[in-house]
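Containing mmCIF, C-alpha atoms: protein02.cif.
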```cif
data_model
loop_
_atom_site.label_atom_id
_atom_site.label_comp_id
_atom_site.auth_asym_id
_atom_site.auth_seq_id
_atom_site.Cartn_x
_atom_site.Cartn_y
_atom_site.Cartn_z
CA MET A 57 0.00 0.00 0.00
CA GLU A 58 1.19 3.48 -0.75
CA ILE A 59 1.83 6.06 1.94
CA LEU A 60 -1.01 8.53 2.31
CA LYS A 61 0.51 11.97 2.81
CA VAL A 62 -1.44 15.22 2.97
CA ASP A 63 0.36 18.46 3.72
CA ALA A 64 -1.06 20.71 6.41
CA THR A 65 -2.84 23.92 5.53
CA ARG A 66 -4.07 26.66 7.81
CA SER A 67 -7.35 24.77 8.34
CA THR A 68 -6.36 21.12 7.83
CA PRO A 69 -3.87 18.84 9.58
CA GLU A 70 -0.87 17.06 8.14
CA ILE A 71 -1.67 13.40 7.50
CA VAL A 72 0.99 10.71 7.20
CA PHE A 73 -0.32 7.15 7.06
CA ASP A 74 2.56 4.74 6.45
CA SER A 75 1.45 1.14 6.02
CA ALA A 76 5.02 -0.21 5.73
CA ASN A 77 5.85 1.03 9.25
CA ASN A 78 2.28 0.69 10.63
CA THR A 79 2.25 4.32 11.74
CA LEU A 80 -0.59 6.77 11.32
CA SER A 81 -0.16 10.43 12.18
CA ILE A 82 -2.55 13.38 12.16
CA LYS A 83 -1.07 16.68 13.29
CA GLY A 84 -2.39 20.23 13.18
CA GLN A 85 -5.56 22.32 13.23
CA SER A 86 -8.72 20.77 11.78
CA TYR A 87 -11.50 23.07 10.67
CA PRO A 88 -11.94 22.48 6.92
CA GLU A 89 -15.00 23.90 5.24
CA ASP A 90 -16.00 20.37 4.15
CA ALA A 91 -14.71 18.06 6.89
CA PHE A 92 -16.23 14.90 5.42
CA GLY A 93 -14.74 15.71 2.01
CA PHE A 94 -11.34 16.17 3.61
CA TYR A 95 -11.46 13.00 5.75
CA GLU A 96 -13.18 10.68 3.25
CA PRO A 97 -9.90 9.60 1.54
CA LEU A 98 -8.54 8.75 5.01
CA PHE A 99 -11.55 6.52 5.69
CA LYS A 100 -11.02 4.66 2.41
CA TRP A 101 -7.27 4.28 3.05
CA ILE A 102 -7.77 3.03 6.62
CA ASP A 103 -10.40 0.51 5.51
CA GLN A 104 -8.02 -0.97 2.92
CA TYR A 105 -5.11 -0.88 5.35
CA LEU A 106 -6.94 -2.63 8.18
CA GLU A 107 -8.24 -5.27 5.78
CA GLN A 108 -4.72 -6.31 4.78
CA LEU A 109 -3.09 -5.75 8.20
CA ASN A 110 -1.05 -8.68 9.48
CA GLU A 111 -2.40 -9.98 12.81
CA GLU A 112 1.08 -9.74 14.35
CA ALA A 113 1.63 -6.08 13.40
CA THR A 114 1.10 -3.31 15.94
CA VAL A 115 -0.41 -0.11 14.59
CA LEU A 116 0.75 3.09 16.27
CA ILE A 117 -1.44 6.15 15.85
CA ASP A 118 -0.30 9.64 16.86
CA PHE A 119 -2.78 12.50 17.02
CA THR A 120 -1.75 16.07 17.74
CA LEU A 121 -4.84 18.19 17.15
CA PRO A 122 -4.75 21.48 19.05
CA TYR A 123 -8.08 22.60 17.57
CA ILE A 124 -10.92 20.56 16.04
CA ASN A 125 -14.24 22.02 14.94
CA THR A 126 -17.49 20.10 15.42
CA SER A 127 -17.66 18.57 11.95
CA SER A 128 -14.01 17.49 12.19
CA SER A 129 -14.62 15.88 15.57
CA LYS A 130 -17.39 13.77 14.02
CA CYS A 131 -14.97 12.63 11.31
CA ILE A 132 -12.23 11.91 13.85
CA MET A 133 -14.73 9.83 15.82
CA MET A 134 -15.62 7.89 12.66
CA LEU A 135 -11.92 7.20 12.14
CA LEU A 136 -11.48 6.15 15.77
CA GLU A 137 -14.48 3.83 15.49
CA LYS A 138 -12.79 2.06 12.57
CA LEU A 139 -9.67 1.61 14.71
CA GLU A 140 -11.78 0.47 17.67
CA GLU A 141 -13.49 -2.14 15.50
CA ALA A 142 -10.09 -3.41 14.34
CA TYR A 143 -8.89 -3.57 17.95
CA THR A 144 -11.95 -5.48 19.18
CA SER A 145 -11.51 -7.95 16.30
CA GLY A 146 -7.99 -8.77 17.49
CA LYS A 147 -5.72 -6.28 15.73
CA LYS A 148 -3.03 -4.58 17.80
CA VAL A 149 -3.72 -0.84 17.91
CA THR A 150 -2.29 1.84 20.20
CA LEU A 151 -3.23 5.49 20.05
CA ASN A 152 -1.24 8.39 21.49
CA TRP A 153 -3.09 11.70 21.69
CA TYR A 154 -0.72 14.60 22.35
CA TYR A 155 -2.01 17.80 23.93
CA THR A 156 -0.46 21.07 25.04
CA ALA A 157 0.24 20.66 28.77
CA ASP A 158 -1.35 23.97 29.78
CA ASN A 159 -4.41 23.74 27.50
CA ASP A 160 -7.38 22.32 29.43
CA SER A 161 -9.76 22.33 26.46
CA GLU A 162 -7.30 20.29 24.40
CA LEU A 163 -7.03 17.76 27.23
CA GLU A 164 -10.83 17.60 27.63
CA CYS A 165 -11.22 16.94 23.91
CA ALA A 166 -8.83 13.97 24.13
CA GLU A 167 -10.60 12.66 27.23
CA GLU A 168 -13.99 12.82 25.49
CA PHE A 169 -12.70 10.68 22.63
CA GLN A 170 -11.00 8.30 25.07
CA GLU A 171 -14.26 7.70 26.99
CA ASP A 172 -15.90 5.99 24.04
CA LEU A 173 -13.08 3.58 23.22
CA SER A 174 -11.55 0.44 24.66
CA LEU A 175 -8.39 0.42 22.54
CA PRO A 176 -5.14 1.49 24.25
CA PHE A 177 -5.48 5.29 24.26
CA ASN A 178 -2.69 7.32 25.86
CA ILE A 179 -3.15 11.01 26.52
CA VAL A 180 0.33 12.52 26.48
CA PRO A 181 1.21 16.10 27.55
CA ARG A 182 3.66 18.00 25.39
CA GLU A 183 5.46 21.23 26.15
CA GLU A 184 5.12 24.11 23.70
#
```
Rewrite the structure of this file - the entire thing - as structure tokens.
Amino acid sequence: MEILKVDATRSTPEIVFDSANNTLSIKGQSYPEDAFGFYEPLFKWIDQYLEQLNEEATVLIDFTLPYINTSSSKCIMMLLEKLEEAYTSGKKVTLNWYYTADNDSELECAEEFQEDLSLPFNIVPREE
């Protein structure tokens, strides 16, 4: 599978999904005008990736999303649900959600996503 790479813009995050290394990264602001249109290629890529994923492989996901608008949060949840489904079916998935240490709203956002999932979900402070 090819690497999915999307450069960050002012309103969209950088995406680097690397199937060879089993790493998925989303980093940056997320408030595109059409969130579903932006995230739809990610959904398709992740579906194909999870379908061919070796049972022994461990997928490492890193999210660093300082700001997410409402429509983006719905899309992120849809992505997380795909990962949750893979995890509950036996795939090895670990998610690290990085937040700015002194930003309570960023931490609360991560905690809200974490509440709905059973996959290993680490909330990691980072210094700015």
Checklist entry - Hey, what comes out of the PyMOL selection byres ((chain A and resi 71) around 10) on this file? Could you write it as a ChimeraX atom specification? => result /A:59-64,68-70,72-74,80-84,95,98,119
Checklist entry - Do you know which residues are at most 7 Å from stretch 120-126 of chain A counting only C-alpha atoms, after dropping those on the same chain fewer than 4 positions away, and could you put them as a VMD selection string? => result chain A and resid 82 to 87 130 153 to 155 162
Checklist entry - In terms of the shortest atom-to-atom distance over all atoms listed in the file, which of A:Ala76, A:Ser128, A:Val115, A:Pro181 is closest to A:Glu89? => result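 Closest to A:Glu89 of all the choices is A:Ser128.
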Checklist entry - Which neighbours of A:Ala142 fall inside 12 Å, counting only C-alpha atoms, when residues of the same chain fewer than 5 positions from it are skipped, and could you give them as an MDAnalysis selection string? => result chainID A and resid 102:111 114:115 135:137 147:150 173:175
Item to check | From A:Leu139, A:Phe177, A:Asn78, A:Arg182, residue lying nearest A:Asp158 [all atoms listed in the file] | outcome: A:Arg182
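Interatomic distance, atom CA of A:Asp118 to atom CA of A:Phe92: 20.3 Å.
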Checklist outcome for this item: The distance between atom CA of A:Ala113 and atom CA of A:Gly93 is 29.5 Å
Checklist entry - Could you write out as a PyMOL selection string the residues that the PyMOL selection byres ((chain A and resi 169) around 10) matches in the shown file? => result chain A and resi 129+132-133+136+153+164-168+170-173+177
Resulting file, chosen residues, C-alpha atoms, as a compact mmCIF listing (two decimals), in the coordinates of the input:
```
# COMPACT_ATOMS: atom_id res chain seq x y z
CA SER A 129 -14.62 15.88 15.57
CA ILE A 132 -12.23 11.91 13.85
CA MET A 133 -14.73 9.83 15.82
CA LEU A 136 -11.48 6.15 15.77
CA TRP A 153 -3.09 11.70 21.69
CA GLU A 164 -10.83 17.60 27.63
CA CYS A 165 -11.22 16.94 23.91
CA ALA A 166 -8.83 13.97 24.13
CA GLU A 167 -10.60 12.66 27.23
CA GLU A 168 -13.99 12.82 25.49
CA GLN A 170 -11.00 8.30 25.07
CA GLU A 171 -14.26 7.70 26.99
CA ASP A 172 -15.90 5.99 24.04
CA LEU A 173 -13.08 3.58 23.22
CA PHE A 177 -5.48 5.29 24.26
```
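Here atom CA of A:Asn152 stands at a distance of 7.7 Å from atom CA of A:Leu116.
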